[in-house]
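Shown here: work.cif, mmCIF, C-alpha atoms.
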```cif
data_protein
loop_
_atom_site.group_PDB
_atom_site.id
_atom_site.type_symbol
_atom_site.label_atom_id
_atom_site.label_comp_id
_atom_site.auth_asym_id
_atom_site.auth_seq_id
_atom_site.Cartn_x
_atom_site.Cartn_y
_atom_site.Cartn_z
ATOM 1 C CA MET A 172 -25.136 10.325 11.534
ATOM 2 C CA ASN A 173 -24.106 13.484 9.682
ATOM 3 C CA CYS A 174 -21.620 13.943 6.781
ATOM 4 C CA ARG A 175 -18.717 14.507 9.176
ATOM 5 C CA GLY A 176 -19.523 11.221 10.918
ATOM 6 C CA VAL A 177 -19.546 9.398 7.567
ATOM 7 C CA ILE A 178 -16.093 10.706 6.691
ATOM 8 C CA ARG A 179 -14.792 9.808 10.157
ATOM 9 C CA GLU A 180 -15.997 6.199 9.752
ATOM 10 C CA LEU A 181 -15.256 5.936 6.022
ATOM 11 C CA SER A 182 -12.177 3.684 6.298
ATOM 12 C CA ASN A 183 -13.830 1.375 8.816
ATOM 13 C CA PHE A 184 -16.881 1.173 6.558
ATOM 14 C CA LEU A 185 -14.798 0.267 3.486
ATOM 15 C CA ASP A 186 -12.820 -2.321 5.436
ATOM 16 C CA GLY A 187 -15.975 -3.949 6.795
ATOM 17 C CA ASP A 188 -14.803 -2.997 10.256
ATOM 18 C CA LEU A 189 -17.905 -1.281 11.699
ATOM 19 C CA ASP A 190 -20.380 -2.424 14.339
ATOM 20 C CA PRO A 191 -23.662 -3.428 12.614
ATOM 21 C CA ASP A 192 -25.580 -0.557 14.271
ATOM 22 C CA VAL A 193 -23.112 2.107 13.130
ATOM 23 C CA ARG A 194 -22.945 0.532 9.690
ATOM 24 C CA ALA A 195 -26.743 0.631 9.343
ATOM 25 C CA GLU A 196 -26.797 4.258 10.470
ATOM 26 C CA LEU A 197 -24.109 5.159 7.930
ATOM 27 C CA GLU A 198 -25.934 3.350 5.134
ATOM 28 C CA ARG A 199 -29.148 5.201 5.998
ATOM 29 C CA HIS A 200 -27.255 8.486 5.588
ATOM 30 C CA LEU A 201 -25.839 7.368 2.225
ATOM 31 C CA GLU A 202 -29.323 6.613 0.930
ATOM 32 C CA HIS A 203 -30.232 10.294 1.005
ATOM 33 C CA CYS A 204 -26.837 12.095 0.725
ATOM 34 C CA ASP A 205 -25.448 12.145 -2.821
ATOM 35 C CA ASP A 206 -22.200 13.856 -1.837
ATOM 36 C CA CYS A 207 -21.294 11.300 0.813
ATOM 37 C CA ARG A 208 -22.221 8.447 -1.489
ATOM 38 C CA LEU A 209 -19.902 9.839 -4.180
ATOM 39 C CA VAL A 210 -17.074 10.266 -1.679
ATOM 40 C CA VAL A 211 -17.539 6.697 -0.414
ATOM 41 C CA ASP A 212 -17.669 5.248 -3.955
ATOM 42 C CA THR A 213 -14.687 7.213 -5.280
ATOM 43 C CA THR A 214 -12.605 6.453 -2.175
ATOM 44 C CA ARG A 215 -13.373 2.749 -2.571
ATOM 45 C CA LYS A 216 -12.355 3.017 -6.230
ATOM 46 C CA THR A 217 -9.127 4.802 -5.244
ATOM 47 C CA VAL A 218 -8.112 1.917 -2.983
ATOM 48 C CA GLN A 219 -9.076 -0.666 -5.633
ATOM 49 C CA LEU A 220 -7.043 1.075 -8.335
ATOM 50 C CA PHE A 221 -3.889 1.003 -6.212
ATOM 51 C CA CYS A 222 -4.526 -2.441 -4.778
ATOM 52 C CA HIS A 223 -5.071 -4.028 -8.189
ATOM 53 C CA SER A 224 -2.312 -2.148 -9.994
ATOM 54 C CA ASP A 225 0.439 -4.336 -11.426
ATOM 55 C CA PRO A 226 3.837 -3.984 -9.816
ATOM 56 C CA VAL A 227 6.175 -1.816 -11.894
ATOM 57 C CA ALA A 228 8.422 -3.756 -14.223
ATOM 58 C CA LEU A 229 11.714 -4.642 -12.611
ATOM 59 C CA PRO A 230 14.397 -3.135 -14.864
ATOM 60 C CA GLU A 231 16.523 -5.874 -16.422
ATOM 61 C CA ASP A 232 19.820 -4.500 -15.075
ATOM 62 C CA VAL A 233 18.382 -4.215 -11.537
ATOM 63 C CA ARG A 234 17.185 -7.809 -11.732
ATOM 64 C CA ASP A 235 20.544 -9.045 -13.050
ATOM 65 C CA ARG A 236 22.433 -7.351 -10.220
ATOM 66 C CA LEU A 237 20.039 -8.829 -7.628
ATOM 67 C CA HIS A 238 20.486 -12.379 -8.899
ATOM 68 C CA LYS A 239 24.248 -11.931 -9.144
ATOM 69 C CA VAL A 240 24.615 -10.944 -5.470
ATOM 70 C CA LEU A 241 22.255 -13.723 -4.420
ATOM 71 C CA GLU A 242 24.202 -16.332 -6.395
ATOM 72 C CA GLN A 243 27.426 -15.169 -4.755
ATOM 73 C CA LYS A 244 25.819 -15.343 -1.320
ATOM 74 C CA MET A 245 24.350 -18.819 -1.937
ATOM 75 C CA ALA A 246 27.660 -20.110 -3.288
ATOM 76 C CA ARG A 247 29.394 -19.026 -0.092
ATOM 77 C CA LYS A 248 26.947 -20.743 2.239
ATOM 78 C CA MET B 241 -32.499 7.339 -5.383
ATOM 79 C CA THR B 242 -29.208 5.548 -6.168
ATOM 80 C CA ALA B 243 -28.415 2.217 -4.517
ATOM 81 C CA VAL B 244 -25.784 2.262 -1.818
ATOM 82 C CA ASN B 245 -22.693 0.230 -2.745
ATOM 83 C CA ARG B 246 -22.065 -2.072 0.226
ATOM 84 C CA GLU B 247 -19.015 -3.752 -1.251
ATOM 85 C CA VAL B 248 -16.228 -4.344 1.258
ATOM 86 C CA LEU B 249 -12.694 -4.134 -0.108
ATOM 87 C CA PRO B 250 -11.525 -7.717 -0.753
ATOM 88 C CA SER B 251 -8.063 -9.112 -0.171
ATOM 89 C CA THR B 252 -6.019 -9.969 -3.283
ATOM 90 C CA VAL B 253 -3.473 -11.998 -1.370
ATOM 91 C CA VAL B 254 -3.549 -15.516 -2.787
ATOM 92 C CA LYS B 255 -2.412 -18.564 -0.890
ATOM 93 C CA ASP B 256 -0.116 -20.927 -2.821
ATOM 94 C CA ASP B 257 2.531 -23.621 -2.613
ATOM 95 C CA GLU B 258 4.812 -21.266 -0.700
ATOM 96 C CA PRO B 259 5.363 -23.492 2.395
ATOM 97 C CA LYS B 260 6.878 -26.279 0.264
ATOM 98 C CA LEU B 261 9.288 -23.879 -1.417
ATOM 99 C CA VAL B 262 10.262 -22.322 1.907
ATOM 100 C CA ALA B 263 10.914 -25.766 3.417
ATOM 101 C CA ALA B 264 13.119 -26.717 0.451
ATOM 102 C CA ALA B 265 14.997 -23.394 0.648
ATOM 103 C CA LYS B 266 15.533 -23.911 4.385
ATOM 104 C CA ALA B 267 16.899 -27.388 3.657
ATOM 105 C CA GLY B 268 19.533 -25.720 1.472
ATOM 106 C CA ASP B 269 18.018 -25.926 -2.017
ATOM 107 C CA PRO B 270 19.232 -22.772 -3.821
ATOM 108 C CA ALA B 271 16.767 -23.287 -6.694
ATOM 109 C CA ALA B 272 13.852 -23.102 -4.244
ATOM 110 C CA PHE B 273 15.078 -19.818 -2.789
ATOM 111 C CA THR B 274 15.663 -18.426 -6.294
ATOM 112 C CA GLU B 275 12.073 -19.365 -7.155
ATOM 113 C CA LEU B 276 10.821 -17.424 -4.105
ATOM 114 C CA VAL B 277 12.910 -14.416 -5.145
ATOM 115 C CA GLN B 278 11.586 -14.540 -8.699
ATOM 116 C CA ARG B 279 8.058 -14.735 -7.374
ATOM 117 C CA TYR B 280 8.325 -11.619 -5.238
ATOM 118 C CA GLU B 281 11.112 -9.481 -6.717
ATOM 119 C CA ARG B 282 8.758 -7.138 -8.581
ATOM 120 C CA LYS B 283 6.501 -6.662 -5.574
ATOM 121 C CA ILE B 284 9.410 -6.050 -3.216
ATOM 122 C CA TYR B 285 10.935 -3.573 -5.681
ATOM 123 C CA ARG B 286 7.600 -1.738 -5.951
ATOM 124 C CA LEU B 287 7.291 -1.660 -2.166
ATOM 125 C CA ALA B 288 10.824 -0.275 -1.768
ATOM 126 C CA LEU B 289 10.257 2.261 -4.542
ATOM 127 C CA ASN B 290 6.950 3.372 -3.041
ATOM 128 C CA ILE B 291 8.614 3.961 0.327
ATOM 129 C CA THR B 292 11.926 5.489 -0.738
ATOM 130 C CA GLN B 293 10.774 7.225 -3.952
ATOM 131 C CA ASN B 294 14.342 6.745 -5.178
ATOM 132 C CA ARG B 295 15.451 4.057 -7.654
ATOM 133 C CA GLU B 296 18.936 3.589 -6.255
ATOM 134 C CA ASP B 297 17.665 3.234 -2.670
ATOM 135 C CA ALA B 298 14.875 0.918 -3.800
ATOM 136 C CA GLU B 299 17.387 -1.374 -5.513
ATOM 137 C CA ASP B 300 19.653 -1.433 -2.440
ATOM 138 C CA ALA B 301 16.720 -2.040 -0.085
ATOM 139 C CA MET B 302 15.465 -4.892 -2.274
ATOM 140 C CA GLN B 303 18.919 -6.529 -2.478
ATOM 141 C CA ASP B 304 19.469 -6.191 1.267
ATOM 142 C CA ALA B 305 15.991 -7.560 2.011
ATOM 143 C CA PHE B 306 16.568 -10.714 -0.063
ATOM 144 C CA LEU B 307 20.108 -11.179 1.291
ATOM 145 C CA LYS B 308 18.867 -10.829 4.872
ATOM 146 C CA SER B 309 15.933 -13.125 4.320
ATOM 147 C CA TYR B 310 18.335 -15.756 2.953
ATOM 148 C CA ALA B 311 20.726 -15.342 5.865
ATOM 149 C CA HIS B 312 17.903 -15.548 8.434
ATOM 150 C CA LEU B 313 15.718 -18.141 6.728
ATOM 151 C CA GLY B 314 16.285 -20.511 9.629
ATOM 152 C CA GLU B 315 14.540 -18.011 11.934
ATOM 153 C CA PHE B 316 11.356 -17.990 9.852
ATOM 154 C CA LEU B 317 9.003 -20.167 11.849
ATOM 155 C CA GLY B 318 6.197 -20.382 9.333
ATOM 156 C CA ASP B 319 3.645 -18.745 11.650
ATOM 157 C CA SER B 320 2.880 -16.142 8.961
ATOM 158 C CA ARG B 321 3.189 -16.194 5.188
ATOM 159 C CA PHE B 322 6.765 -16.051 3.920
ATOM 160 C CA TYR B 323 5.800 -13.009 1.874
ATOM 161 C CA THR B 324 4.583 -11.141 4.993
ATOM 162 C CA TRP B 325 7.864 -11.967 6.720
ATOM 163 C CA LEU B 326 9.791 -10.760 3.666
ATOM 164 C CA VAL B 327 7.741 -7.556 3.499
ATOM 165 C CA ARG B 328 8.648 -6.771 7.120
ATOM 166 C CA ILE B 329 12.345 -7.102 6.325
ATOM 167 C CA ALA B 330 11.981 -5.034 3.145
ATOM 168 C CA VAL B 331 10.015 -2.267 4.899
ATOM 169 C CA ASN B 332 12.721 -1.942 7.546
ATOM 170 C CA GLU B 333 15.447 -1.813 4.893
ATOM 171 C CA ALA B 334 13.544 0.780 2.860
ATOM 172 C CA LEU B 335 12.838 2.928 5.928
ATOM 173 C CA MET B 336 16.539 2.841 6.847
ATOM 174 C CA LYS B 337 17.491 4.041 3.366
ATOM 175 C CA LEU B 338 14.872 6.782 3.537
ATOM 176 C CA ARG B 339 16.077 8.030 6.934
ATOM 177 C CA ARG B 340 19.709 7.927 5.844
ATOM 178 C CA ARG B 341 19.002 10.049 2.786
ATOM 179 C CA ARG B 342 16.793 12.535 4.629
ATOM 180 C CA PRO B 343 18.037 12.670 8.236
ATOM 181 C CA ASN B 344 16.197 15.892 9.005
ATOM 182 C CA LEU B 345 12.889 14.389 8.130
ATOM 183 C CA THR B 346 10.226 14.197 10.822
ATOM 184 C CA SER B 347 10.220 10.692 12.204
ATOM 185 C CA ILE B 348 7.442 8.539 10.774
ATOM 186 C CA ASP B 349 6.364 7.494 14.265
ATOM 187 C CA GLU B 350 5.859 11.075 15.475
ATOM 188 C CA PRO B 351 2.337 12.499 15.631
ATOM 189 C CA VAL B 352 1.358 14.547 12.608
ATOM 190 C CA GLN B 353 0.112 18.047 13.238
ATOM 191 C CA GLY B 354 -3.639 18.239 12.815
ATOM 192 C CA GLU B 355 -3.930 14.447 12.724
ATOM 193 C CA GLU B 356 -6.952 14.511 14.964
ATOM 194 C CA GLU B 357 -8.742 17.237 13.033
ATOM 195 C CA ASP B 358 -11.533 16.395 10.652
ATOM 196 C CA PHE B 359 -10.658 16.297 6.988
ATOM 197 C CA MET B 360 -13.671 17.040 4.818
ATOM 198 C CA PRO B 361 -13.445 16.342 1.071
ATOM 199 C CA ARG B 362 -13.831 19.420 -1.114
ATOM 200 C CA GLU B 363 -13.906 18.120 -4.658
ATOM 201 C CA ILE B 364 -16.850 15.775 -5.117
ATOM 202 C CA GLU B 365 -17.587 14.472 -8.603
ATOM 203 C CA ASP B 366 -18.906 11.272 -10.126
ATOM 204 C CA TRP B 367 -16.123 9.196 -11.748
ATOM 205 C CA GLY B 368 -18.535 7.186 -13.845
ATOM 206 C CA PRO B 369 -18.747 3.384 -13.775
ATOM 207 C CA SER B 370 -15.168 2.645 -14.819
ATOM 208 C CA PRO B 371 -12.649 5.497 -14.606
ATOM 209 C CA GLU B 372 -9.750 3.255 -15.634
ATOM 210 C CA GLN B 373 -11.284 2.970 -19.112
ATOM 211 C CA LYS B 374 -10.530 6.659 -19.635
ATOM 212 C CA TYR B 375 -6.823 5.898 -19.759
ATOM 213 C CA ALA B 376 -4.563 3.256 -21.294
ATOM 214 C CA GLN B 377 -2.952 0.934 -18.744
ATOM 215 C CA THR B 378 0.475 2.598 -18.942
ATOM 216 C CA GLU B 379 -1.097 6.056 -18.607
ATOM 217 C CA LEU B 380 -3.075 4.909 -15.589
ATOM 218 C CA ALA B 381 0.063 3.443 -13.992
ATOM 219 C CA ALA B 382 1.832 6.781 -14.536
ATOM 220 C CA ILE B 383 -1.084 8.668 -12.937
ATOM 221 C CA LEU B 384 -1.118 6.379 -9.894
ATOM 222 C CA SER B 385 2.618 6.630 -9.409
ATOM 223 C CA SER B 386 2.597 10.429 -9.777
ATOM 224 C CA VAL B 387 -0.187 10.954 -7.220
ATOM 225 C CA ILE B 388 1.306 8.606 -4.634
ATOM 226 C CA GLU B 389 4.716 10.225 -5.090
ATOM 227 C CA LYS B 390 3.234 13.580 -4.066
ATOM 228 C CA LEU B 391 1.577 12.207 -0.947
ATOM 229 C CA GLU B 392 3.336 13.174 2.287
ATOM 230 C CA GLU B 393 5.563 10.422 3.634
ATOM 231 C CA GLU B 394 3.680 9.772 6.882
ATOM 232 C CA TYR B 395 0.510 9.065 4.907
ATOM 233 C CA ARG B 396 2.186 7.386 1.935
ATOM 234 C CA ILE B 397 3.913 4.682 3.952
ATOM 235 C CA VAL B 398 0.781 3.732 5.897
ATOM 236 C CA PHE B 399 -1.215 3.584 2.645
ATOM 237 C CA VAL B 400 1.441 1.440 0.933
ATOM 238 C CA LEU B 401 1.515 -1.070 3.785
ATOM 239 C CA ARG B 402 -2.240 -1.249 4.340
ATOM 240 C CA ASP B 403 -3.760 -0.856 0.891
ATOM 241 C CA ILE B 404 -1.064 -2.009 -1.509
ATOM 242 C CA GLU B 405 0.709 -4.663 0.565
ATOM 243 C CA GLU B 406 -2.491 -5.513 2.468
ATOM 244 C CA LEU B 407 -0.840 -5.772 5.868
ATOM 245 C CA SER B 408 -3.215 -5.598 8.823
ATOM 246 C CA THR B 409 -3.625 -2.456 10.920
ATOM 247 C CA GLU B 410 -1.820 -4.240 13.777
ATOM 248 C CA GLU B 411 1.115 -5.317 11.584
ATOM 249 C CA THR B 412 1.431 -1.809 10.149
ATOM 250 C CA ALA B 413 1.340 -0.255 13.628
ATOM 251 C CA GLN B 414 4.011 -2.640 14.855
ATOM 252 C CA LEU B 415 6.313 -2.079 11.872
ATOM 253 C CA LEU B 416 6.109 1.702 12.038
ATOM 254 C CA GLY B 417 6.060 2.059 15.823
ATOM 255 C CA LEU B 418 2.649 3.761 15.667
ATOM 256 C CA SER B 419 -0.490 3.268 17.720
ATOM 257 C CA ILE B 420 -3.473 1.581 16.062
ATOM 258 C CA PRO B 421 -5.571 4.798 16.144
ATOM 259 C CA ALA B 422 -2.671 6.665 14.487
ATOM 260 C CA VAL B 423 -2.489 4.062 11.683
ATOM 261 C CA LYS B 424 -6.257 4.268 11.158
ATOM 262 C CA SER B 425 -6.247 8.048 11.159
ATOM 263 C CA ARG B 426 -3.351 8.260 8.683
ATOM 264 C CA LEU B 427 -4.896 5.635 6.424
ATOM 265 C CA LEU B 428 -8.159 7.571 6.278
ATOM 266 C CA ARG B 429 -6.300 10.786 5.530
ATOM 267 C CA ALA B 430 -4.159 9.042 2.881
ATOM 268 C CA ARG B 431 -7.189 7.545 1.141
ATOM 269 C CA LEU B 432 -9.019 10.877 1.108
ATOM 270 C CA LYS B 433 -5.997 12.783 -0.148
ATOM 271 C CA LEU B 434 -5.366 10.272 -2.933
ATOM 272 C CA ARG B 435 -9.058 10.324 -3.836
ATOM 273 C CA GLU B 436 -8.903 14.087 -4.162
ATOM 274 C CA LYS B 437 -5.771 13.939 -6.327
ATOM 275 C CA LEU B 438 -7.321 11.273 -8.584
ATOM 276 C CA ASN B 439 -10.547 13.267 -8.787
ATOM 277 C CA ARG B 440 -8.675 15.708 -11.007
ATOM 278 C CA TYR B 441 -8.141 12.911 -13.538
ATOM 279 C CA PHE B 442 -11.342 10.929 -13.214
ATOM 280 C CA GLY B 443 -13.822 13.663 -12.366
ATOM 281 C CA GLY B 444 -15.525 15.809 -14.983
ATOM 282 C CA SER B 445 -12.606 18.169 -15.630
ATOM 283 C CA VAL B 446 -9.364 16.613 -16.919
ATOM 284 C CA PRO B 447 -6.133 18.412 -15.895
ATOM 285 C CA ASN B 448 -3.664 19.713 -18.460
#
```
Let's see the structure in the file written out as structure tokens.
Amino acid sequence: MNCRGVIRELSNFLDGDLDPDVRAELERHLEHCDDCRLVVDTTRKTVQLFCHSDPVALPEDVRDRLHKVLEQKMARK
Amino acid sequence: MTAVNREVLPSTVVKDDEPKLVAAAKAGDPAAFTELVQRYERKIYRLALNITQNREDAEDAMQDAFLKSYAHLGEFLGDSRFYTWLVRIAVNEALMKLRRRRPNLTSIDEPVQGEEEDFMPREIEDWGPSPEQKYAQTELAAILSSVIEKLEEEYRIVFVLRDIEELSTEETAQLLGLSIPAVKSRLLRARLKLREKLNRYFGGSVPN
């Protein structure tokens, strides 16, 4: 597998979604290609940073309005 | 020789006492439904904000999503998590708001030009063991929100659903009316584009 092949399979590799043979081939490439290894590691980190980020705070006024409309709706039912 | 990191991205979705609350809400207990809302309001607001990139639209989409989920609670069969069901409603509401505000926008389910072409990373730098330690938590949150805001819509929405909301490829494809290869291709492109944007913060050279 060459660098282009690694990039093509990068998402599947990170998601654990590769056939064992392709995965082994990709890992062999990473063992000797610093650039690809850095791209794989920093892309994994990118996903982790977003995935683990806390949801933004819900502004108090937005929250109050939400609960007000819900209370009205529930009272009507 | 550096060791290859074989870590597969884990799921952060946690199972909980949700079914009990949903059953109580379905039986007409308003406190149970309010508890579900309180549990997910921040996440649904973030989802709506990430899709619409507009505070007013995000608020409307969130309100409509909770109102609809309440009105249609009887149709929730419990074959998926309540949160996944809620996310589907919220995504549809947010997409409607987005399309209403920008009617001339290319449809999200249309092929993207150059989608099939290879996308090779240009900026390759080591981020060190823990790039998030370079920035305070609020600064990091601001960086993440500014880079995702600049990502083109067709990539942003797929990334939000797959990597932030952790929906499956199949669920994402179904919600957006895309094929599975199109979802995979856009997710790869989104991840690489975000990586490149973050590289400017976490790589050797810090932007002004």
Problem set entry | Distance in Å - atom CA of Arg179 of chain A versus atom CA of Val327 of chain B | 29.2 Å
Please identify every residue of segment 173-248 of chain A that has at least one atom no farther than 12 Å from an atom of segment 421-440 of chain B, counting only C-alpha atoms, and for each give the shortest atom pair and the distance in Å to one decimal, arranged by chain then increasing number, as CSV.
```
residue,atom,partner,partner_atom,distance
A:Val177,CA,B:Leu428,CA,11.6
A:Ile178,CA,B:Leu428,CA,8.5
A:Arg179,CA,B:Leu428,CA,8.0
A:Glu180,CA,B:Leu428,CA,8.7
A:Leu181,CA,B:Leu428,CA,7.3
A:Ser182,CA,B:Leu428,CA,5.6
A:Asn183,CA,B:Lys424,CA,8.4
A:Phe184,CA,B:Leu428,CA,10.8
A:Leu185,CA,B:Leu428,CA,10.3
A:Asp186,CA,B:Lys424,CA,10.9
A:Asp188,CA,B:Lys424,CA,11.3
A:Leu209,CA,B:Arg435,CA,10.9
A:Val210,CA,B:Arg435,CA,8.3
A:Val211,CA,B:Leu432,CA,9.6
A:Asp212,CA,B:Arg435,CA,10.0
A:Thr213,CA,B:Arg435,CA,6.6
A:Thr214,CA,B:Arg435,CA,5.5
A:Arg215,CA,B:Arg431,CA,8.7
A:Lys216,CA,B:Arg435,CA,8.4
A:Thr217,CA,B:Arg435,CA,5.7
A:Val218,CA,B:Arg431,CA,7.0
A:Gln219,CA,B:Arg431,CA,10.8
A:Leu220,CA,B:Leu438,CA,10.2
A:Phe221,CA,B:Leu434,CA,9.9
A:Cys222,CA,B:Arg431,CA,11.9
```
For this session: Let me know the residues the PyMOL selection byres ((chain A and resi 226) around 6) catches in the file above, as a list in words.
Result: Asp225 and Val227 of chain A; Arg282, Lys283 and Arg286 of chain B
Problem set entry | Residues of chain B within 9 Å of chain A, counting all atoms listed in the file, as an MDAnalysis selection string | chainID B and resid 241:252 268 270 274 277 281:287 299 302:303 306:307 310:311 358:361 363:367 371:372 381 384 400 403:406 424:425 427:428 431:432 434:436 438:439
Problem set entry | Shell of 12 Å around Thr324 of chain B, all atoms listed in the file, local chain residues under 5 positions omitted, as number ranges by chain | B: 253, 255, 258, 280, 283-284, 309, 316, 318-319, 329-331, 401, 405-408, 411-412, 415
Problem set entry | Gap from atom CA of Glu389 of chain B to atom CA of Arg402 of chain B - Å, one decimal |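 Answer for the atom CA of Glu389 of chain B to atom CA of Arg402 of chain B separation: 16.4 Å.
Counting from atom CA of Val262 of chain B, the distance to atom CA of Leu276 of chain B is 7.8 Å.
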